[in-house]
file input_34.txt (compact mmCIF, C-alpha atoms)
# COMPACT_ATOMS: atom_id res chain seq x y z
CA MET J 1262 86.41 -195.77 -91.80
CA LEU J 1263 88.72 -194.24 -89.25
CA PHE J 1264 87.95 -190.71 -88.13
CA ARG J 1265 90.51 -188.79 -86.16
CA VAL J 1266 90.41 -185.22 -84.96
CA ASP J 1267 92.88 -183.14 -83.02
CA PRO J 1268 91.21 -180.31 -81.10
CA GLY J 1269 94.69 -178.84 -80.53
CA SER J 1270 95.29 -178.37 -84.24
CA PRO J 1271 94.83 -174.87 -85.72
CA GLU J 1272 92.66 -176.40 -88.42
CA PRO J 1273 88.95 -176.38 -87.48
CA ILE J 1274 87.56 -179.79 -86.50
CA PHE J 1275 84.83 -179.79 -89.14
CA GLN J 1276 87.57 -179.21 -91.72
CA GLN J 1277 89.61 -182.12 -90.39
CA LEU J 1278 86.60 -184.41 -90.64
CA ALA J 1279 85.56 -183.30 -94.11
CA ASP J 1280 89.12 -183.65 -95.38
CA GLN J 1281 89.32 -187.24 -94.14
CA VAL J 1282 86.15 -188.20 -95.96
CA ARG J 1283 87.31 -186.42 -99.12
CA ARG J 1284 90.65 -188.23 -98.99
CA ALA J 1285 89.03 -191.60 -98.33
CA VAL J 1286 86.69 -191.14 -101.30
CA ALA J 1287 89.54 -189.95 -103.52
CA ARG J 1288 91.63 -192.98 -102.55
CA GLY J 1289 88.75 -195.29 -103.32
CA GLU J 1290 88.49 -196.44 -99.68
CA LEU J 1291 84.93 -195.15 -99.55
CA THR J 1292 82.73 -196.08 -102.48
CA ALA J 1293 79.26 -194.98 -103.55
CA GLY J 1294 76.56 -196.34 -101.26
CA THR J 1295 78.76 -196.59 -98.18
CA ARG J 1296 76.91 -195.26 -95.18
CA LEU J 1297 78.76 -192.92 -92.87
CA PRO J 1298 77.89 -192.99 -89.16
CA ALA J 1299 74.98 -190.79 -88.15
CA ALA J 1300 76.15 -187.30 -87.16
CA ARG J 1301 74.94 -187.80 -83.60
CA GLU J 1302 76.79 -191.10 -83.25
CA LEU J 1303 80.01 -189.67 -84.62
CA SER J 1304 79.84 -186.60 -82.42
CA THR J 1305 79.39 -188.83 -79.36
CA SER J 1306 82.21 -191.15 -80.45
CA LEU J 1307 84.66 -188.28 -80.89
CA ASP J 1308 83.26 -186.26 -78.00
CA ILE J 1309 82.74 -183.21 -80.20
CA ASN J 1310 79.77 -180.94 -80.88
CA LEU J 1311 76.98 -182.37 -83.05
CA HIS J 1312 76.97 -179.19 -85.13
CA THR J 1313 80.65 -179.65 -85.95
CA VAL J 1314 79.88 -183.00 -87.57
CA LEU J 1315 76.77 -181.61 -89.27
CA ARG J 1316 78.82 -178.76 -90.70
CA ALA J 1317 81.36 -181.21 -92.13
CA TYR J 1318 78.59 -183.36 -93.60
CA GLN J 1319 76.84 -180.31 -95.07
CA GLU J 1320 80.04 -179.17 -96.70
CA LEU J 1321 80.55 -182.63 -98.18
CA ARG J 1322 76.98 -182.64 -99.41
CA ASP J 1323 77.41 -179.27 -101.10
CA GLU J 1324 80.44 -180.68 -102.91
CA GLY J 1325 78.44 -183.72 -104.02
CA VAL J 1326 80.61 -186.16 -102.06
CA ILE J 1327 77.77 -187.44 -99.89
CA GLU J 1328 74.00 -187.35 -99.82
CA LEU J 1329 72.14 -186.52 -96.63
CA ARG J 1330 68.80 -188.27 -96.35
CA ARG J 1331 66.33 -187.90 -93.56
CA GLY J 1332 66.34 -191.06 -91.48
CA ARG J 1333 69.02 -192.70 -93.57
CA GLY J 1334 71.97 -190.58 -92.57
CA ALA J 1335 74.93 -189.76 -94.76
CA VAL J 1336 75.61 -191.93 -97.78
CA VAL J 1337 78.65 -191.61 -100.04
CA SER J 1338 77.29 -190.62 -103.43
CA ARG J 1339 80.16 -191.25 -105.78
CA THR J 1340 83.07 -193.53 -106.41
CA ASP J 1341 86.15 -191.68 -107.51
CA ASP J 1342 88.77 -193.19 -109.69
CA LEU J 1343 91.46 -190.62 -109.35
CA ALA J 1344 94.41 -192.76 -110.35
CA ALA J 1345 95.53 -190.20 -112.93
CA LEU J 1346 95.33 -187.38 -110.41
CA HIS J 1347 97.30 -189.37 -107.83
CA GLU J 1348 99.97 -189.98 -110.43
CA ALA J 1349 100.14 -186.29 -111.30
CA ILE J 1350 100.35 -185.30 -107.63
CA GLU J 1351 103.14 -187.77 -107.08
CA HIS J 1352 104.93 -186.18 -110.02
CA VAL J 1353 104.49 -182.72 -108.49
CA VAL J 1354 105.83 -183.97 -105.15
CA ARG J 1355 108.87 -185.56 -106.77
CA THR J 1356 109.62 -182.47 -108.83
CA ALA J 1357 109.22 -180.17 -105.82
CA ARG J 1358 111.68 -182.28 -103.82
CA ARG J 1359 114.16 -182.41 -106.68
CA LEU J 1360 114.09 -178.63 -107.02
CA ASP J 1361 114.14 -178.21 -103.23
CA VAL J 1362 110.98 -176.10 -103.26
CA PRO J 1363 109.53 -175.64 -99.74
CA THR J 1364 106.17 -177.35 -99.14
CA ALA J 1365 104.45 -174.03 -98.45
CA THR J 1366 105.58 -172.69 -101.81
CA THR J 1367 104.38 -175.79 -103.66
CA LEU J 1368 101.00 -175.57 -101.92
CA ALA J 1369 100.74 -171.85 -102.73
CA LEU J 1370 101.46 -172.56 -106.38
CA LEU J 1371 98.87 -175.36 -106.46
CA LYS J 1372 96.24 -173.20 -104.81
CA GLU J 1373 96.88 -170.41 -107.28
CA ALA J 1374 96.69 -172.79 -110.23
CA LEU J 1375 93.39 -174.20 -108.96
CA ARG J 1376 91.81 -170.80 -108.56
CA MET R 1329 98.17 -234.41 -65.91
CA THR R 1330 96.18 -231.24 -65.75
CA THR R 1331 97.23 -227.66 -66.27
CA ALA R 1332 95.52 -225.00 -64.22
CA ASP R 1333 93.15 -222.85 -66.24
CA PRO R 1334 94.40 -219.26 -65.80
CA ARG R 1335 90.91 -217.93 -66.49
CA PRO R 1336 88.64 -217.00 -63.58
CA PRO R 1337 85.91 -219.52 -62.71
CA VAL R 1338 82.60 -219.49 -64.56
CA PRO R 1339 80.26 -217.10 -62.69
CA HIS R 1340 76.70 -217.65 -61.41
CA ARG R 1341 76.87 -221.45 -61.19
CA VAL R 1342 74.01 -221.59 -58.66
CA ALA R 1343 71.71 -219.51 -60.87
CA THR R 1344 72.63 -221.69 -63.86
CA THR R 1345 71.83 -224.84 -61.86
CA VAL R 1346 68.46 -223.50 -60.72
CA LEU R 1347 67.37 -222.16 -64.13
CA THR R 1348 68.82 -224.75 -66.48
CA LEU R 1349 68.55 -227.91 -64.36
CA LEU R 1350 65.99 -227.47 -61.56
CA VAL R 1351 63.33 -225.53 -63.49
CA PRO R 1352 63.17 -228.05 -66.38
CA LEU R 1353 63.12 -230.90 -63.83
CA VAL R 1354 60.19 -229.32 -61.98
CA ILE R 1355 58.28 -228.69 -65.22
CA THR R 1356 58.84 -232.31 -66.23
CA ALA R 1357 57.88 -233.64 -62.78
CA VAL R 1358 54.62 -231.64 -62.74
CA GLY R 1359 53.74 -232.94 -66.21
CA VAL R 1360 54.53 -236.55 -65.34
CA ALA R 1361 52.59 -236.35 -62.04
CA LEU R 1362 49.54 -234.99 -63.88
CA ALA R 1363 49.69 -237.75 -66.50
CA LEU R 1364 50.14 -240.50 -63.89
CA GLY R 1365 47.10 -239.14 -62.05
CA TRP R 1366 45.01 -239.81 -65.17
CA SER R 1367 46.29 -243.39 -65.65
CA ASP R 1368 42.89 -244.95 -64.76
CA GLU R 1369 41.11 -242.89 -67.41
CA LEU R 1370 43.62 -243.38 -70.21
CA PRO R 1371 43.49 -246.09 -72.90
CA ASP R 1372 46.25 -248.67 -72.92
CA PRO R 1373 48.30 -248.26 -75.05
CA VAL R 1374 48.08 -244.48 -75.51
CA ALA R 1375 48.53 -242.65 -78.80
CA THR R 1376 51.98 -241.04 -79.06
CA HIS R 1377 52.26 -240.11 -82.71
CA TRP R 1378 49.93 -238.46 -85.17
CA GLY R 1379 49.95 -238.53 -88.96
CA THR R 1380 47.66 -236.79 -91.43
CA ASP R 1381 44.94 -239.42 -90.79
CA GLY R 1382 45.04 -239.19 -87.00
CA ALA R 1383 46.86 -241.26 -84.40
CA ASP R 1384 49.30 -243.73 -85.96
CA GLY R 1385 51.81 -244.52 -83.20
CA PHE R 1386 51.11 -246.09 -79.82
CA MET R 1387 52.97 -246.82 -76.57
CA SER R 1388 52.26 -247.77 -72.99
CA LEU R 1389 51.77 -244.79 -70.65
CA THR R 1390 54.99 -245.51 -68.75
CA GLY R 1391 56.86 -245.94 -72.05
CA ALA R 1392 55.59 -242.61 -73.38
CA LEU R 1393 56.47 -240.81 -70.14
CA ALA R 1394 59.90 -242.49 -70.01
CA VAL R 1395 60.74 -241.15 -73.49
CA LEU R 1396 59.61 -237.67 -72.42
CA VAL R 1397 61.64 -237.74 -69.19
CA ALA R 1398 64.74 -239.10 -70.94
CA THR R 1399 64.56 -236.31 -73.54
CA THR R 1400 63.92 -233.38 -71.18
CA VAL R 1401 66.28 -234.52 -68.43
CA GLY R 1402 68.96 -235.47 -70.97
CA THR R 1403 68.74 -232.05 -72.65
CA SER R 1404 68.87 -230.08 -69.41
CA VAL R 1405 71.74 -232.09 -67.94
CA VAL R 1406 73.85 -231.69 -71.09
CA VAL R 1407 73.21 -227.93 -71.40
CA TRP R 1408 73.70 -227.42 -67.64
CA ALA R 1409 77.05 -229.23 -67.74
CA LEU R 1410 78.18 -227.24 -70.80
CA LEU R 1411 77.24 -223.94 -69.14
CA LEU R 1412 79.04 -224.82 -65.89
CA VAL R 1413 82.23 -225.38 -67.88
CA GLY R 1414 81.95 -222.75 -70.61
CA GLY R 1415 79.26 -220.26 -69.62
CA ARG R 1416 81.57 -217.31 -68.98
CA ASP R 1417 79.62 -214.92 -71.14
CA ALA R 1418 76.10 -213.95 -70.01
CA SER R 1419 74.85 -214.22 -73.59
CA ILE R 1420 75.94 -217.88 -73.73
CA ARG R 1421 74.12 -218.61 -70.48
CA ARG R 1422 71.03 -216.78 -71.71
CA ILE R 1423 70.88 -218.68 -74.99
CA GLY R 1424 71.50 -222.06 -73.31
CA THR R 1425 69.02 -221.55 -70.48
CA GLY R 1426 66.30 -219.99 -72.63
CA THR R 1427 66.51 -222.73 -75.25
CA THR R 1428 66.43 -225.51 -72.66
CA VAL R 1429 63.50 -224.18 -70.64
CA GLY R 1430 61.59 -223.35 -73.84
CA LEU R 1431 62.19 -226.75 -75.40
CA VAL R 1432 61.33 -228.69 -72.23
CA THR R 1433 58.12 -226.68 -71.74
CA MET R 1434 57.09 -227.28 -75.33
CA LEU R 1435 57.68 -231.04 -75.11
CA VAL R 1436 55.92 -231.44 -71.77
CA VAL R 1437 52.87 -229.45 -72.95
CA LEU R 1438 52.70 -231.49 -76.16
CA VAL R 1439 53.01 -234.93 -74.54
CA VAL R 1440 50.95 -234.28 -71.41
CA GLY R 1441 48.39 -232.26 -73.40
CA SER R 1442 47.96 -235.08 -75.91
CA LEU R 1443 47.35 -237.48 -73.00
CA GLU R 1444 44.78 -235.11 -71.51
CA LEU R 1445 42.87 -235.25 -74.83
CA GLN R 1446 42.75 -239.05 -74.55
CA ARG R 1447 41.18 -239.17 -71.09
CA GLY R 1448 38.02 -241.30 -71.08
CA LEU R 1449 38.81 -243.00 -74.39
CA ALA R 1450 38.63 -246.81 -74.49
CA ASP R 1451 40.72 -247.09 -77.63
CA ALA R 1452 43.62 -244.76 -78.48
CA THR R 1453 43.00 -245.09 -82.23
CA ALA R 1454 40.07 -242.70 -81.65
CA ALA R 1455 42.40 -240.06 -80.18
CA PRO R 1456 41.60 -236.58 -81.52
CA THR R 1457 44.25 -234.61 -83.43
CA ILE R 1458 46.59 -232.48 -81.35
CA ASP R 1459 46.52 -229.43 -83.64
CA SER R 1460 44.87 -227.45 -80.86
CA LEU R 1461 47.92 -228.05 -78.67
CA LEU R 1462 50.53 -226.70 -81.06
CA GLY R 1463 49.82 -223.05 -80.31
CA LEU R 1464 49.84 -223.63 -76.56
CA ALA R 1465 53.06 -225.67 -76.73
CA LEU R 1466 54.89 -223.14 -78.92
CA GLY R 1467 53.53 -220.12 -77.04
CA GLY R 1468 54.20 -221.63 -73.60
CA GLY R 1469 57.70 -222.66 -74.62
CA LEU R 1470 58.44 -219.23 -76.04
CA VAL R 1471 57.16 -217.34 -73.00
CA LEU R 1472 58.88 -219.50 -70.38
CA GLY R 1473 62.06 -219.64 -72.46
CA VAL R 1474 62.21 -215.86 -72.74
CA VAL R 1475 61.41 -215.41 -69.03
CA ALA R 1476 64.16 -217.87 -68.07
CA ALA R 1477 66.64 -216.12 -70.38
CA LEU R 1478 65.76 -212.76 -68.82
CA LEU R 1479 66.29 -214.18 -65.32
CA VAL R 1480 69.87 -215.18 -66.15
CA PRO R 1481 72.14 -212.83 -64.17
CA THR R 1482 74.55 -210.62 -66.12
CA ASP R 1483 78.29 -211.04 -65.83
CA PRO R 1484 79.82 -209.71 -62.62
CA ALA R 1485 81.54 -206.37 -63.17
CA SER R 1486 85.20 -206.94 -63.88
CA THR R 1487 87.54 -204.38 -65.30
CA THR R 1488 91.24 -204.32 -65.97
CA THR R 1489 93.86 -201.62 -65.53
CA ALA R 1490 96.68 -203.53 -67.23
CA VAL R 1491 97.86 -202.18 -70.57
CA PRO R 1492 97.44 -204.53 -73.55
CA PRO R 1493 100.44 -206.86 -74.09
CA ALA R 1494 103.36 -205.55 -76.14
CA ASP R 1495 102.56 -207.75 -79.14
CA ALA R 1496 99.06 -206.27 -79.49
CA GLU R 1497 99.21 -203.88 -82.44
CA ARG R 1498 98.38 -200.25 -81.62
CA LEU R 1499 97.25 -197.51 -83.93
CA PRO R 1500 99.58 -194.55 -83.41
CA LEU R 1501 97.63 -191.69 -81.86
CA GLY R 1502 98.77 -188.11 -81.28
CA ARG R 1503 98.71 -186.78 -77.75
CA GLY R 1504 95.49 -184.87 -77.89
CA GLU R 1505 94.07 -186.74 -80.84
CA ARG R 1506 90.65 -188.37 -80.68
CA ALA R 1507 89.78 -191.25 -82.94
CA ALA R 1508 86.72 -193.30 -83.80
CA TRP R 1509 86.34 -196.17 -86.22
CA SER R 1510 82.91 -196.81 -87.65
CA THR R 1511 81.88 -199.22 -90.35
CA THR R 1512 79.06 -201.51 -91.41
CA VAL R 1513 79.01 -205.18 -92.23
CA TRP R 1514 76.25 -207.29 -93.76
CA SER R 1515 75.64 -210.95 -94.26
CA PRO R 1516 75.51 -212.26 -97.84
CA ALA R 1517 74.77 -215.77 -96.54
CA ALA R 1518 71.73 -214.66 -94.57
CA VAL R 1519 70.34 -212.85 -97.60
CA ALA R 1520 70.99 -215.78 -99.93
CA VAL R 1521 69.34 -218.28 -97.59
CA ALA R 1522 66.54 -216.27 -96.08
CA ALA R 1523 65.37 -213.90 -98.81
CA PRO R 1524 63.99 -216.72 -101.01
CA VAL R 1525 62.22 -218.16 -97.96
CA VAL R 1526 60.49 -214.86 -97.23
CA VAL R 1527 59.51 -214.46 -100.89
CA LEU R 1528 58.19 -218.03 -101.02
CA GLN R 1529 56.15 -217.38 -97.88
CA LEU R 1530 54.57 -214.33 -99.49
CA VAL R 1531 53.83 -216.20 -102.73
CA LEU R 1532 52.28 -219.07 -100.77
CA ALA R 1533 50.26 -216.67 -98.66
CA VAL R 1534 48.75 -215.11 -101.78
CA ALA R 1535 48.29 -218.40 -103.65
CA LEU R 1536 46.66 -220.15 -100.71
CA GLN R 1537 44.96 -217.01 -99.42
CA THR R 1538 46.36 -217.92 -96.01
CA TRP R 1539 46.93 -214.50 -94.54
CA VAL R 1540 48.63 -215.85 -91.42
CA LEU R 1541 51.58 -216.61 -93.69
CA VAL R 1542 51.90 -212.91 -94.53
CA ALA R 1543 52.41 -212.19 -90.83
CA VAL R 1544 54.96 -215.00 -90.65
CA ALA R 1545 56.79 -213.59 -93.69
CA ILE R 1546 56.81 -210.09 -92.20
CA GLY R 1547 58.06 -211.39 -88.86
CA LEU R 1548 60.75 -213.40 -90.61
CA GLY R 1549 61.74 -210.39 -92.68
CA ALA R 1550 62.05 -208.22 -89.58
CA LEU R 1551 64.12 -210.87 -87.82
CA LEU R 1552 66.32 -211.08 -90.89
CA ALA R 1553 66.77 -207.32 -91.10
CA SER R 1554 67.79 -207.27 -87.45
CA MET R 1555 70.55 -209.80 -88.07
CA LEU R 1556 71.57 -208.72 -91.53
CA VAL R 1557 73.38 -205.43 -91.13
CA LEU R 1558 75.50 -204.24 -88.26
CA ARG R 1559 77.18 -200.97 -87.50
CA VAL R 1560 80.46 -201.58 -85.73
CA THR R 1561 82.07 -198.74 -83.80
CA VAL R 1562 85.29 -198.46 -81.84
CA ASP R 1563 85.75 -195.31 -79.78
CA ALA R 1564 86.78 -194.16 -76.33
CA ARG R 1565 83.84 -196.11 -74.87
CA GLY R 1566 84.97 -199.42 -76.35
CA LEU R 1567 83.57 -201.65 -79.07
CA ASP R 1568 79.91 -201.60 -80.04
CA ALA R 1569 78.19 -203.71 -82.68
CA ARG R 1570 74.47 -203.41 -83.19
CA SER R 1571 71.74 -203.91 -85.73
CA PRO R 1572 69.75 -200.94 -87.07
CA LEU R 1573 66.94 -201.93 -84.69
CA GLY R 1574 69.31 -201.57 -81.72
CA TRP R 1575 68.96 -205.25 -80.82
CA PRO R 1576 70.72 -207.65 -80.94
CA ARG R 1577 73.71 -205.73 -79.71
CA LEU R 1578 77.21 -206.56 -78.52
CA ARG R 1579 79.04 -204.08 -76.33
CA VAL R 1580 82.55 -204.36 -74.95
CA PRO R 1581 83.31 -201.49 -72.56
CA LEU R 1582 86.87 -200.20 -72.96
CA ASP R 1583 87.80 -201.13 -69.39
CA GLU R 1584 86.98 -204.80 -70.11
CA VAL R 1585 89.34 -204.98 -73.09
CA VAL R 1586 92.41 -207.10 -72.32
CA ALA R 1587 93.69 -207.13 -75.91
CA ALA R 1588 92.27 -207.07 -79.43
CA HIS R 1589 93.49 -208.57 -82.68
CA ALA R 1590 92.28 -209.29 -86.18
CA ASP R 1591 91.60 -212.88 -87.16
CA THR R 1592 90.08 -214.84 -90.00
CA VAL R 1593 86.79 -216.48 -89.17
CA ARG R 1594 84.98 -219.33 -90.91
CA PRO R 1595 81.30 -219.19 -89.87
CA LEU R 1596 80.33 -222.79 -90.62
CA ALA R 1597 83.54 -224.47 -89.45
CA ASP R 1598 84.17 -222.31 -86.36
CA PHE R 1599 80.67 -221.28 -85.34
CA GLY R 1600 78.30 -223.69 -87.07
CA GLY R 1601 76.46 -220.93 -88.89
CA TRP R 1602 75.77 -217.24 -89.19
CA GLY R 1603 74.33 -214.65 -86.81
CA TYR R 1604 74.96 -214.12 -83.11
CA ARG R 1605 76.91 -217.29 -82.41
CA VAL R 1606 78.75 -219.16 -79.72
CA GLY R 1607 81.87 -220.71 -81.21
CA ARG R 1608 83.35 -224.08 -80.44
CA ASP R 1609 86.13 -222.46 -78.43
CA GLY R 1610 83.73 -220.28 -76.45
CA ARG R 1611 84.18 -217.17 -78.58
CA THR R 1612 80.89 -215.30 -78.75
CA GLY R 1613 79.63 -212.63 -81.07
CA PHE R 1614 78.42 -211.62 -84.50
CA VAL R 1615 79.54 -213.85 -87.33
CA LEU R 1616 77.89 -212.49 -90.45
CA ARG R 1617 80.33 -213.67 -93.12
CA SER R 1618 83.66 -215.43 -93.49
CA GLY R 1619 86.88 -213.44 -93.42
CA ASP R 1620 88.25 -210.62 -91.30
CA ALA R 1621 87.01 -210.30 -87.73
CA VAL R 1622 87.90 -208.23 -84.68
CA VAL R 1623 88.55 -210.60 -81.79
CA VAL R 1624 88.56 -209.03 -78.31
CA GLU R 1625 89.90 -210.85 -75.29
CA ARG R 1626 87.91 -209.56 -72.35
CA THR R 1627 88.09 -209.72 -68.60
CA GLY R 1628 86.49 -212.79 -67.00
CA GLY R 1629 88.06 -215.09 -69.61
CA ARG R 1630 85.52 -214.03 -72.22
CA THR R 1631 86.25 -213.55 -75.90
CA SER R 1632 84.04 -211.47 -78.18
CA VAL R 1633 84.16 -211.56 -81.95
CA VAL R 1634 82.66 -209.43 -84.74
CA THR R 1635 83.26 -210.10 -88.42
CA VAL R 1636 84.02 -206.81 -90.13
CA ASP R 1637 86.17 -205.42 -92.96
CA ASP R 1638 89.52 -203.87 -92.08
CA ALA R 1639 89.39 -205.52 -88.65
CA ARG R 1640 93.07 -204.76 -88.16
CA THR R 1641 92.41 -201.02 -87.90
CA GLY R 1642 89.55 -201.56 -85.47
CA ALA R 1643 91.60 -203.88 -83.25
CA ALA R 1644 94.63 -201.56 -83.32
CA LEU R 1645 92.49 -198.56 -82.36
CA LEU R 1646 90.90 -200.52 -79.51
CA ASN R 1647 94.36 -201.46 -78.17
CA ALA R 1648 95.59 -197.87 -78.50
CA LEU R 1649 92.54 -196.44 -76.71
CA ALA R 1650 92.75 -199.09 -73.97
CA GLU R 1651 96.41 -198.31 -73.42
CA ARG R 1652 95.83 -194.55 -73.35
CA SER R 1653 93.01 -194.86 -70.82
CA ARG R 1654 95.25 -196.90 -68.49
CA VAL R 1655 98.49 -194.98 -68.69
CA ARG R 1656 98.05 -191.94 -66.52

call {"tool": "encode", "arguments": {"input": "input_34.txt", "output": "structure tokens"}}
result
Amino acid sequence: MLFRVDPGSPEPIFQQLADQVRRAVARGELTAGTRLPAARELSTSLDINLHTVLRAYQELRDEGVIELRRGRGAVVSRTDDLAALHEAIEHVVRTARRLDVPTATTLALLKEALR
Amino acid sequence: MTTADPRPPVPHRVATTVLTLLVPLVITAVGVALALGWSDELPDPVATHWGTDGADGFMSLTGALAVLVATTVGTSVVVWALLLVGGRDASIRRIGTGTTVGLVTMLVVLVVGSLELQRGLADATAAPTIDSLLGLALGGGLVLGVVAALLVPTDPASTTTAVPPADAERLPLGRGERAAWSTTVWSPAAVAVAAPVVVLQLVLAVALQTWVLVAVAIGLGALLASMLVLRVTVDARGLDARSPLGWPRLRVPLDEVVAAHADTVRPLADFGGWGYRVGRDGRTGFVLRSGDAVVVERTGGRTSVVTVDDARTGAALLNALAERSRVR
């Protein structure tokens, strides 16, 4: 998969990485059993700190998105079929646009609802 | 009418001539000279073919040596000529040279060795079996072949500072954004063909209690594993494709990338098989399955190819990174 990070972004790099993997799994682009690059390799490729990648991987492991195995690296542990969720999100986006609700407000509402 | 080839000339033609033409010729000449020196002690005709019941094919000494010379010289001349025309990539020259030197060594050892075993015989039908020679022929061929392949010089350094052509698709990248593309690819064909062979070897080894076959099966399995799965990476250093063992490996440094694109590859039709291949059109690289492949045009008129899913993204990132590194 494609990893991209922007060190200039206010969002921490480990967060950017973890989000990309989450999104790819949610979209079905990454399926169970897919092996992610070793943390060392990815940190070299993106010229970022090894611990940044490890932190992203650890977060993903804690959420059950990937498994970390000694010697085998990071393996995606589940295949998500989130078609229904995608549909619902699309509905939220459409409604928010129709009602002219600012993005920040929509996100705040979603965050609150998820709490 | 001829059109000028815009590609630079094939490098290291002298080295190719020495290693792929002269070395096999010398090996053949030494073998032939040895055999001719024994002509007084050899039966006439000499045994040239062995079946399960011993020698079953015979020829005159000059006839046997003529067949050997025709085969070794013919092979080296053909490979040498092919490499002079199409050996732009060091890996092509290595494969061609190593195979030729190895094959010629093996043949010369087998033929001349079998003649040595017949010295002092009055009748060639009494020629002993040549089983004892097989190990020497295979081992000698392997060692000299590998040495010759290692002596092949690498490609001369050649980099480019030109941005990829306008029609080469680029992945849009933010100003300070860093990107890396990493994926794996495996070969269903290799598994389908080779896995049963390895299993059969193991079954045979147990059934026949021939433990050498276990070693063969393990060696075959390791070779298979090394060619079966690849991790393909595109990042600011360029393109890298390598097996979990780290070898074989294909690396294209970013400053050798002229342009990249995605293409559809047919292993049998375009490359005559699976693995690290040299294609009919000179494209070289890992062809593990049919379908999507990243094709990279490189400096020196070389073209590297790696079959991989979503090749379009990989190629577009490579173009974008190449462009960014050259626009300052």

call {"tool": "residues_around", "arguments": {"input": "input_34.txt", "residues": "Val1337 in chain J", "least_positions_apart": "3", "cutoff": "9 Å", "atoms": "all atoms listed in the file", "output": "mmCIF file with C-alpha atoms, in the coordinates of the input"}}
result
data_model
loop_
_atom_site.group_PDB
_atom_site.id
_atom_site.type_symbol
_atom_site.label_atom_id
_atom_site.label_comp_id
_atom_site.auth_asym_id
_atom_site.auth_seq_id
_atom_site.Cartn_x
_atom_site.Cartn_y
_atom_site.Cartn_z
ATOM 1 C CA VAL J 1286 86.690 -191.140 -101.300
ATOM 2 C CA LEU J 1291 84.930 -195.150 -99.550
ATOM 3 C CA THR J 1292 82.730 -196.080 -102.480
ATOM 4 C CA ALA J 1293 79.260 -194.980 -103.550
ATOM 5 C CA GLY J 1294 76.560 -196.340 -101.260
ATOM 6 C CA THR J 1295 78.760 -196.590 -98.180
ATOM 7 C CA ARG J 1296 76.910 -195.260 -95.180
ATOM 8 C CA LEU J 1297 78.760 -192.920 -92.870
ATOM 9 C CA GLY J 1325 78.440 -183.720 -104.020
ATOM 10 C CA VAL J 1326 80.610 -186.160 -102.060
ATOM 11 C CA ILE J 1327 77.770 -187.440 -99.890
ATOM 12 C CA GLU J 1328 74.000 -187.350 -99.820
ATOM 13 C CA LEU J 1329 72.140 -186.520 -96.630
ATOM 14 C CA THR J 1340 83.070 -193.530 -106.410
#

call {"tool": "closest_residue", "arguments": {"input": "input_34.txt", "among": "R:Ile1420, R:Ala1590, R:Val1437, R:Ala1496", "to": "Gly1607 in chain R", "atoms": "only C-alpha atoms"}}
result
R:Ile1420

call {"tool": "residues_around", "arguments": {"input": "input_34.txt", "residues": "range 1306-1323 of chain J", "least_positions_apart": "4", "cutoff": "8 Å", "atoms": "only C-alpha atoms", "output": "ChimeraX atom specification"}}
result
/J:1265-1266,1274-1276,1278-1279,1283,1300-1302,1327-1329,1335 /R:1506-1508,1563-1565

call {"tool": "interface_residues", "arguments": {"input": "input_34.txt", "of": "chain R", "to": "chain J", "cutoff": "10 Å", "atoms": "only C-alpha atoms", "output": "PyMOL selection string"}}
result
chain R and resi 1501-1512+1559-1566+1637-1638+1641-1642+1645

call {"tool": "residues_around", "arguments": {"input": "input_34.txt", "residues": "range 1479-1485 of chain R", "least_positions_apart": "3", "cutoff": "9 Å", "atoms": "only C-alpha atoms", "output": "PyMOL selection string"}}
result
chain R and resi 1339-1340+1343-1344+1347+1416-1419+1421-1422+1425-1426+1474-1476+1584+1628

call {"tool": "atom_distance", "arguments": {"input": "input_34.txt", "atom1": "CA of Ala1643 in chain R", "atom2": "CA of Glu1625 in chain R"}}
result
10.7 Å

call {"tool": "residues_around", "arguments": {"input": "input_34.txt", "residues": "range 1370-1375 of chain J", "least_positions_apart": "6", "cutoff": "12 Å", "atoms": "all atoms listed in the file", "output": "list in words"}}
result
Ile1350, Val1353, Val1354, Ala1357, Val1362, Pro1363 and Thr1364 of chain J

call {"tool": "atom_distance", "arguments": {"input": "input_34.txt", "atom1": "CA of Leu1410 in chain R", "atom2": "CA of Thr1348 in chain R"}}
result
10.6 Å

call {"tool": "atom_distance", "arguments": {"input": "input_34.txt", "atom1": "CA of Phe1386 in chain R", "atom2": "CA of Met1434 in chain R"}}
result
20.2 Å

call {"tool": "closest_residue", "arguments": {"input": "input_34.txt", "among": "R:Leu1370, R:Leu1558, R:Val1358, R:Val1542", "to": "Thr1433 in chain R", "atoms": "only C-alpha atoms"}}
result
R:Val1358

call {"tool": "closest_residue", "arguments": {"input": "input_34.txt", "among": "R:Leu1466, R:Val1401, R:Val1540, R:Val1374", "to": "Leu1349 in chain R", "atoms": "all atoms listed in the file"}}
result
R:Val1401

call {"tool": "closest_residue", "arguments": {"input": "input_34.txt", "among": "R:Ala1587, R:Leu1431, R:Ala1553, R:Val1624", "to": "Ala1648 in chain R", "atoms": "only C-alpha atoms"}}
result
R:Ala1587

call {"tool": "decode", "arguments": {"input": "input_34.txt", "residues": "range 1306-1316 of chain J", "atoms": "C-alpha atoms", "output": "CSV table (one decimal), in the first residue's frame"}}
result
chain,number,residue,atom,x,y,z
J,1306,SER,CA,11.7,4.5,3.3
J,1307,LEU,CA,9.9,7.5,4.7
J,1308,ASP,CA,13.1,8.9,6.4
J,1309,ILE,CA,11.3,9.0,9.8
J,1310,ASN,CA,12.2,7.7,13.3
J,1311,LEU,CA,11.8,3.9,13.8
J,1312,HIS,CA,9.9,4.6,17.0
J,1313,THR,CA,7.3,6.7,15.2
J,1314,VAL,CA,6.4,3.7,13.0
J,1315,LEU,CA,6.5,1.3,16.0
J,1316,ARG,CA,4.1,3.6,17.8
